[in-house]
Amino acid sequence: MLYWLVIIPIIIAVINIGFIHSDSRKLIVGSQIGITLYTTYLFFNVRSQGTIINNMAGYPRAFSITLYADRISIVLVWLTTLLFLGLLIYAYSGDYFDSQFGFLYLTLQALIIALFLSTDLFNIYVLLEVSTVVVAILIMLRKDRQAVYDGMIFLFISVIASSFWLFGVGFLYRTFGHLDLHAISEVITEVENPRSLILPFAFIMTTISLKIALFPLSSWLPKAYGTPSAPPVIPAILSGVYETTGLYLFIRLTAMFSQVIELNTFFLVIGFVTSIVGFTLAVAQNDLRLLLAYSTISQVGLMTVGFSFGAEASYWGAMYHMFAHSLFKTVLFLSVGVLSHHYKTRDIHKIRGVMKTLPVTGFAIIFGLLGITGAPLFNGSISKYMISYGSDSPYIQLLLNLINLGTLLYSMKFAAMLFGKNTQPDDIKGQDTRHDVPQWTTLTFGVLTLISGLFGNRLLQFLYGYDFTIYPGEYLEKSFIYLLLVLAAFALYKGWVKERDLFSKIGYIELSFNAMITALVAFFIGIVGYMYWLT
Amino acid sequence: MKPLDFITGEIVGILLFFIGLYGLMTKKTIVKTIMSMSIMESGIFLFYITINYTVGSVPPIGQAQEAAFVDPVPSALMITAIVIGIGVTAIGLTMFMHYKQKHGITHWSRNRDQTGSDH
């Protein structure tokens with residue numbers, strides 16, 4: 001039964017904070033293993049018997065609150081539980097892991113799982129709102145100045161954005177008298193005047209675009225992800241799992257509305273712009289976490305592009321990229337956590353010689369970077385290959401290659417840390433770090449990145465039931481292009497990016513709070529205007 | 001039709017929503033941001049509880065007469081939304097008070113400080 005996945009973490013969280021006064025970490029880890037196993041069982045159930053639908057309180061479908069698990073959502077839930085388990089093992093020995101952290105962590109897990117399963121639009125609003133609060137508290141766990149400021153910005157921006165969602169749902173309820181996603185999508189085609197759907201669609205898509213941080217609504221994301229004092233697992237959760245909830249809602253809601261109003265072209269353009277802005281800013285960063293935060297924006301743009309082509313292969317490619325992104329971004333964020341622990345800094349220019357001092361993390365970083373750039377044999381190559389199937393237009397292919405070049409550029413900047421002379425502070429030098437659990441956890445995720453690339457099309461079949469043939473000739477051609485891009489990126493990095501101040505200036509461009517809200521309103525007006533023009 | 005008939009709950013709700021949004025776009029004080037958020041939310045609450053209302057309908061419980069019932073769902077939803085709104089406002093105010101007392105800042109600034117902790 002699906003509701004156990006939501007209830008159990010909450011119950012454990014409450015027991016952990018209310019009834020156990022000693023160390024409760026074992027209980028939390030145990031519960032995580034249990035939930036992961038149960039989700040695995042459910043996944044195989046969905047695979048063999050099809051979609052699971054739970055109507056709460058026995059009311060008929062469309063009138064009750066429904067939990068709904070099809071292939072897409074159960075895979076994401078499975079991924080969520082796996083990542084949460086892995087991150088918990090990573091955090092196990094961290095000094096921030098107390099019962100308060102455990103409470104927030106488990107609650108967030110339950111909320112995210114419920115977001116993937118729920119089909120009730122108002123429920124989704126409640127879940128978005130509560131998860132926002134939990135994430136904000138996790139960001140400012142250490143209560144220092146920057147953390148509280150970032151937490152406030154994240155909280156307010158997200159709450160304002162979800163009130164857009166609530167308003168949009170009100171319009172939908174007024175028109176259809178339903179709150180259930182599937183019930184509405186059954187009757188949505190009977191609307192006489194498509195213009196009556198413009199407002200709800202625009203309200204809801206504004207919220208989702210902010211959640212997944214599409215340009216120009218992405219300014220909050222680096223603040224939330226890049227908070228200096230947040231424990232390293234927080235940005236890993238945000239980027240690996242929390243981001244995915246927004247993309248999941250994007251898929252569901254565009255599928256529902258596209259029966260009446262088609263916005264593919266709009267999101268295709270926005271996706272490309274987001275991706276290009278994202279990697280430009282990522283190249284300009286010197287703080288490791290900020291670099292990865294902007295890289296998340298760039299990758300999300302790429303996924304939006306994949307979903308908006310309207311072709312089947314690119315749709316599943318973007319879906320697989322979502323899965324792959326969760327893995328390699330987790331690897332990279334966790335490695336940054338390890339590095340800043342061992343080097344006492346997060347400045348990309350002050351860390352050198354990682355391969356020698358921390359070989360385990362070094363290999364994890366290599367796996368993560370090869371994944372994110374789409375190197376042959378790694379998971380990114382499969383998903384990017386499939387996304388490129390979406391269009392035959394040479395301009396689109398060029399843009400996709402440009403995005404990949406940008407990805408390679410900031411990966412080069414990241415990889416420069418691996419080599420060179422060791423720059424660790426003297427008092428930490430020479431520590432034995434071979435049995436460091438966080439490092440091995442990071443490497444495990446790195447190896448998963450490789451495995452999910454080696455068995456890419458088989459895993460795609462296994463997870464989503466989608467058959468995709470990779471033609472060796474084409475794949476070799478893509479690998480060749482990849483090599484060319486690596487050379488180009490290397491030349492660009494050496495000759496241009498490394499020395500220029502231009503990039504360091506770009507890196508400080510960010511919007512103030514009021515400008516972010518203005519961007520939100522401008523986006524909303526833009527999307528309404530576009531839809532008026534369209535219908 | 002009387003001249004004021006177009007002032008329905010829905011219209012006022014939409015207006016309130018955008019008034020709140022205007023406040024969020026223009027005010028730099030954090031307290032005013034929180035107030036604007038509450039105004040925005042009130043607009044949504046008003047919008048919800050007046051949608052699909054027809055004149056002359058009765059409450060869905062405790063009535064014997066034969067008349068159309070009011071749809072109770074929006075009101076039920078709004079009770080939940082109000083509770084969440086209060087919670088969020090309370091958290092926002094708590095954060096703001098903490099921030100003001102400790103660091104003396106009451107406005108949104110653009111200064112970003114990326115140093116500060118080793119984690």
# chains A, B, ... in the order shown; residues from 1 in each chain; ligands from 1
$ closest_atom_pairs --of "chain A" --to "chain B" --cutoff "8 Å" --atoms "only C-alpha atoms" --output "CSV"
residue,atom,partner,partner_atom,distance
A:Phe122,CA,B:Leu77,CA,7.6
A:Val126,CA,B:Ile84,CA,7.7
A:Glu129,CA,B:Ile84,CA,7.7
A:Val133,CA,B:Val88,CA,7.4
A:Arg145,CA,B:His103,CA,7.1
A:Gln146,CA,B:Asp113,CA,6.6
A:Val148,CA,B:Tyr99,CA,6.9
A:Tyr149,CA,B:Tyr99,CA,7.7
A:Met152,CA,B:Met95,CA,6.9
A:Leu155,CA,B:Gly92,CA,7.7
A:Phe156,CA,B:Gly92,CA,7.6
A:Val159,CA,B:Val88,CA,8.0
A:Ile160,CA,B:Met37,CA,6.9
A:Ser163,CA,B:Glu41,CA,7.0
A:Leu166,CA,B:Ile44,CA,7.6
A:Phe167,CA,B:Ile44,CA,6.1
A:Gly170,CA,B:Tyr48,CA,6.1
A:Arg174,CA,B:Ile51,CA,6.1
A:Thr227,CA,B:Gln114,CA,7.5
A:Pro228,CA,B:Ser117,CA,6.0
A:Ser229,CA,B:Ser117,CA,5.3
A:Ala230,CA,B:His119,CA,6.9
A:Pro231,CA,B:His119,CA,6.2
A:Pro232,CA,B:His119,CA,7.0
A:Asp287,CA,B:Gln114,CA,7.7
A:Gly337,CA,B:His119,CA,6.8
A:Ser340,CA,B:His119,CA,6.1
A:His341,CA,B:His119,CA,6.3
A:Lys344,CA,B:Asp118,CA,5.2
A:Thr345,CA,B:Asp118,CA,6.0
A:Arg346,CA,B:Asp118,CA,7.8
A:Leu511,CA,B:Arg110,CA,7.8
A:Ser512,CA,B:Arg110,CA,5.8
A:Phe513,CA,B:Trp108,CA,6.5
A:Asn514,CA,B:Met25,CA,4.8
A:Ala515,CA,B:Met25,CA,6.9
A:Ile517,CA,B:Met25,CA,5.6
A:Thr518,CA,B:Met25,CA,5.5
$ select_by_dssp --residues "chain B" --states "alpha helix (DSSP H)" --output "PyMOL selection string"
chain B and resi 9-26+30-50+73-103
$ write_last_selection --atoms "C-alpha atoms" --output "PDB file, in the first residue's frame"
ATOM      1  CA  GLY B   9     -15.683  38.214  -4.105  1.00  0.00           C
ATOM      2  CA  GLU B  10     -13.818  36.766  -7.078  1.00  0.00           C
ATOM      3  CA  ILE B  11     -12.934  40.161  -8.524  1.00  0.00           C
ATOM      4  CA  VAL B  12     -11.878  41.540  -5.151  1.00  0.00           C
ATOM      5  CA  GLY B  13      -9.847  38.400  -4.530  1.00  0.00           C
ATOM      6  CA  ILE B  14      -7.976  38.784  -7.802  1.00  0.00           C
ATOM      7  CA  LEU B  15      -7.377  42.470  -7.068  1.00  0.00           C
ATOM      8  CA  LEU B  16      -6.040  41.715  -3.597  1.00  0.00           C
ATOM      9  CA  PHE B  17      -3.731  39.084  -5.043  1.00  0.00           C
ATOM     10  CA  PHE B  18      -2.172  41.579  -7.422  1.00  0.00           C
ATOM     11  CA  ILE B  19      -2.015  44.327  -4.791  1.00  0.00           C
ATOM     12  CA  GLY B  20       0.013  41.946  -2.638  1.00  0.00           C
ATOM     13  CA  LEU B  21       2.183  41.110  -5.601  1.00  0.00           C
ATOM     14  CA  TYR B  22       2.777  44.805  -6.229  1.00  0.00           C
ATOM     15  CA  GLY B  23       3.932  45.169  -2.631  1.00  0.00           C
ATOM     16  CA  LEU B  24       6.327  42.263  -3.078  1.00  0.00           C
ATOM     17  CA  MET B  25       7.775  43.796  -6.216  1.00  0.00           C
ATOM     18  CA  THR B  26       8.362  47.242  -4.790  1.00  0.00           C
ATOM     19  CA  ILE B  30      11.314  42.407   5.006  1.00  0.00           C
ATOM     20  CA  VAL B  31       8.312  43.042   7.262  1.00  0.00           C
ATOM     21  CA  LYS B  32       6.440  44.617   4.389  1.00  0.00           C
ATOM     22  CA  THR B  33       7.268  41.566   2.302  1.00  0.00           C
ATOM     23  CA  ILE B  34       5.634  39.360   4.912  1.00  0.00           C
ATOM     24  CA  MET B  35       2.591  41.656   5.032  1.00  0.00           C
ATOM     25  CA  SER B  36       2.269  41.641   1.253  1.00  0.00           C
ATOM     26  CA  MET B  37       2.383  37.863   1.304  1.00  0.00           C
ATOM     27  CA  SER B  38      -0.520  37.804   3.752  1.00  0.00           C
ATOM     28  CA  ILE B  39      -2.520  40.210   1.573  1.00  0.00           C
ATOM     29  CA  MET B  40      -1.900  37.983  -1.422  1.00  0.00           C
ATOM     30  CA  GLU B  41      -3.046  34.926   0.462  1.00  0.00           C
ATOM     31  CA  SER B  42      -6.194  36.691   1.700  1.00  0.00           C
ATOM     32  CA  GLY B  43      -7.032  37.424  -1.926  1.00  0.00           C
ATOM     33  CA  ILE B  44      -6.777  33.714  -2.718  1.00  0.00           C
ATOM     34  CA  PHE B  45      -8.925  32.740   0.282  1.00  0.00           C
ATOM     35  CA  LEU B  46     -11.627  35.204  -0.754  1.00  0.00           C
ATOM     36  CA  PHE B  47     -11.498  33.953  -4.327  1.00  0.00           C
ATOM     37  CA  TYR B  48     -11.921  30.344  -3.265  1.00  0.00           C
ATOM     38  CA  ILE B  49     -14.812  30.792  -0.872  1.00  0.00           C
ATOM     39  CA  THR B  50     -16.828  32.730  -3.418  1.00  0.00           C
ATOM     40  CA  VAL B  73     -15.119  21.792  -0.687  1.00  0.00           C
ATOM     41  CA  PRO B  74     -13.575  25.263  -1.281  1.00  0.00           C
ATOM     42  CA  SER B  75     -14.256  26.288   2.312  1.00  0.00           C
ATOM     43  CA  ALA B  76     -12.669  23.088   3.588  1.00  0.00           C
ATOM     44  CA  LEU B  77      -9.646  23.683   1.378  1.00  0.00           C
ATOM     45  CA  MET B  78      -9.303  27.224   2.610  1.00  0.00           C
ATOM     46  CA  ILE B  79      -9.298  26.187   6.255  1.00  0.00           C
ATOM     47  CA  THR B  80      -6.233  24.099   5.443  1.00  0.00           C
ATOM     48  CA  ALA B  81      -4.685  26.900   3.409  1.00  0.00           C
ATOM     49  CA  ILE B  82      -5.263  29.437   6.184  1.00  0.00           C
ATOM     50  CA  VAL B  83      -3.557  27.180   8.693  1.00  0.00           C
ATOM     51  CA  ILE B  84      -0.594  26.733   6.366  1.00  0.00           C
ATOM     52  CA  GLY B  85      -0.532  30.477   5.722  1.00  0.00           C
ATOM     53  CA  ILE B  86      -0.383  31.213   9.437  1.00  0.00           C
ATOM     54  CA  GLY B  87       2.407  28.677   9.866  1.00  0.00           C
ATOM     55  CA  VAL B  88       4.459  30.124   7.051  1.00  0.00           C
ATOM     56  CA  THR B  89       3.912  33.703   8.251  1.00  0.00           C
ATOM     57  CA  ALA B  90       4.965  32.678  11.747  1.00  0.00           C
ATOM     58  CA  ILE B  91       8.131  31.025  10.448  1.00  0.00           C
ATOM     59  CA  GLY B  92       8.902  34.030   8.263  1.00  0.00           C
ATOM     60  CA  LEU B  93       8.486  36.400  11.187  1.00  0.00           C
ATOM     61  CA  THR B  94      10.597  34.190  13.450  1.00  0.00           C
ATOM     62  CA  MET B  95      13.395  34.123  10.918  1.00  0.00           C
ATOM     63  CA  PHE B  96      13.130  37.865  10.441  1.00  0.00           C
ATOM     64  CA  MET B  97      13.235  38.585  14.183  1.00  0.00           C
ATOM     65  CA  HIS B  98      16.207  36.307  14.641  1.00  0.00           C
ATOM     66  CA  TYR B  99      17.947  37.981  11.742  1.00  0.00           C
ATOM     67  CA  LYS B 100      17.197  41.490  12.926  1.00  0.00           C
ATOM     68  CA  GLN B 101      18.219  40.902  16.534  1.00  0.00           C
ATOM     69  CA  LYS B 102      21.427  39.129  15.662  1.00  0.00           C
ATOM     70  CA  HIS B 103      22.597  41.065  12.653  1.00  0.00           C
TER      71      HIS B 103
END
$ residues_around --residues "region 265-270 of chain A" --least-positions-apart "4" --cutoff "7 Å" --atoms "only C-alpha atoms" --output "PyMOL selection string"
chain A and resi 215+274+304-305+308-309
$ atom_distance --atom1 "CA of Asn45 (chain A)" --atom2 "CA of Thr119 (chain A)"
19.7 Å
$ atom_distance --atom1 "CA of Ser131 (chain A)" --atom2 "CA of Ile112 (chain A)"
7.5 Å
$ closest_residue --among "A:Phe44, A:Phe279, A:Tyr395, A:Trp440" --to "Val338 (chain A)" --atoms "only C-alpha atoms"
A:Trp440
$ residues_around --residues "Thr441 (chain A)" --least-positions-apart "2" --cutoff "9 Å" --atoms "only C-alpha atoms" --output "list in words"
Gly86, Leu87, Ile89, Tyr90, Val331, Leu334, Asp436, Val437, Pro438, Gln439, Leu443, Thr444, Phe445 and Gly446 of chain A
$ write_last_selection --atoms "N, CA and C atoms" --output "JSON list (two decimals), in the first residue's frame"
[["chain", "number", "residue", "atom", "x", "y", "z"],
["A", 86, "GLY", "N", 21.56, 6.39, 0.83],
["A", 86, "GLY", "CA", 22.98, 6.62, 0.60],
["A", 86, "GLY", "C", 23.48, 7.86, 1.31],
["A", 87, "LEU", "N", 22.68, 8.94, 1.24],
["A", 87, "LEU", "CA", 23.10, 10.18, 1.87],
["A", 87, "LEU", "C", 23.13, 10.06, 3.38],
["A", 89, "ILE", "N", 23.94, 7.33, 4.99],
["A", 89, "ILE", "CA", 25.19, 6.65, 5.33],
["A", 89, "ILE", "C", 26.35, 7.64, 5.27],
["A", 90, "TYR", "N", 26.29, 8.52, 4.27],
["A", 90, "TYR", "CA", 27.32, 9.55, 4.15],
["A", 90, "TYR", "C", 27.33, 10.45, 5.40],
["A", 331, "VAL", "N", 26.95, 12.63, -6.59],
["A", 331, "VAL", "CA", 28.39, 12.35, -6.49],
["A", 331, "VAL", "C", 29.17, 13.64, -6.33],
["A", 334, "LEU", "N", 28.53, 15.55, -3.02],
["A", 334, "LEU", "CA", 29.14, 14.86, -1.88],
["A", 334, "LEU", "C", 30.66, 14.99, -1.93],
["A", 436, "ASP", "N", 37.49, 6.05, 5.25],
["A", 436, "ASP", "CA", 36.54, 7.11, 5.47],
["A", 436, "ASP", "C", 35.20, 6.73, 4.81],
["A", 437, "VAL", "N", 34.15, 6.53, 5.60],
["A", 437, "VAL", "CA", 32.87, 6.08, 5.02],
["A", 437, "VAL", "C", 32.31, 7.07, 3.99],
["A", 438, "PRO", "N", 32.28, 8.39, 4.30],
["A", 438, "PRO", "CA", 31.73, 9.32, 3.30],
["A", 438, "PRO", "C", 32.39, 9.18, 1.93],
["A", 439, "GLN", "N", 33.71, 9.00, 1.93],
["A", 439, "GLN", "CA", 34.39, 8.90, 0.64],
["A", 439, "GLN", "C", 33.93, 7.68, -0.14],
["A", 443, "LEU", "N", 32.02, 7.29, -3.75],
["A", 443, "LEU", "CA", 32.52, 6.46, -4.86],
["A", 443, "LEU", "C", 31.44, 5.49, -5.32],
["A", 444, "THR", "N", 30.65, 4.97, -4.37],
["A", 444, "THR", "CA", 29.59, 4.04, -4.75],
["A", 444, "THR", "C", 28.63, 4.70, -5.73],
["A", 445, "PHE", "N", 28.23, 5.94, -5.42],
["A", 445, "PHE", "CA", 27.36, 6.65, -6.35],
["A", 445, "PHE", "C", 28.06, 6.85, -7.70],
["A", 446, "GLY", "N", 29.39, 7.09, -7.63],
["A", 446, "GLY", "CA", 30.15, 7.26, -8.87],
["A", 446, "GLY", "C", 30.12, 6.00, -9.71]]
$ atom_distance --atom1 "CA of Glu477 (chain A)" --atom2 "CA of Asn401 (chain A)"
13.0 Å
$ select_by_dssp --residues "chain B" --states "strand (DSSP E or B)" --output "ChimeraX atom specification"
/B:29,58,69,107
$ write_last_selection --atoms "N, CA and C atoms" --output "JSON list (two decimals), in the first residue's frame"
[["chain", "number", "residue", "atom", "x", "y", "z"],
["B", 29, "THR", "N", 11.54, 46.39, 2.50],
["B", 29, "THR", "CA", 11.55, 46.03, 3.90],
["B", 29, "THR", "C", 11.04, 44.60, 4.06],
["B", 58, "VAL", "N", -28.05, 27.19, 0.27],
["B", 58, "VAL", "CA", -28.01, 27.04, 1.72],
["B", 58, "VAL", "C", -26.79, 26.22, 2.12],
["B", 69, "PHE", "N", -27.52, 23.31, -2.42],
["B", 69, "PHE", "CA", -26.48, 23.39, -1.39],
["B", 69, "PHE", "C", -25.28, 24.16, -1.91],
["B", 107, "HIS", "N", 16.31, 45.02, 5.77],
["B", 107, "HIS", "CA", 16.01, 45.17, 4.34],
["B", 107, "HIS", "C", 16.68, 44.07, 3.53]]
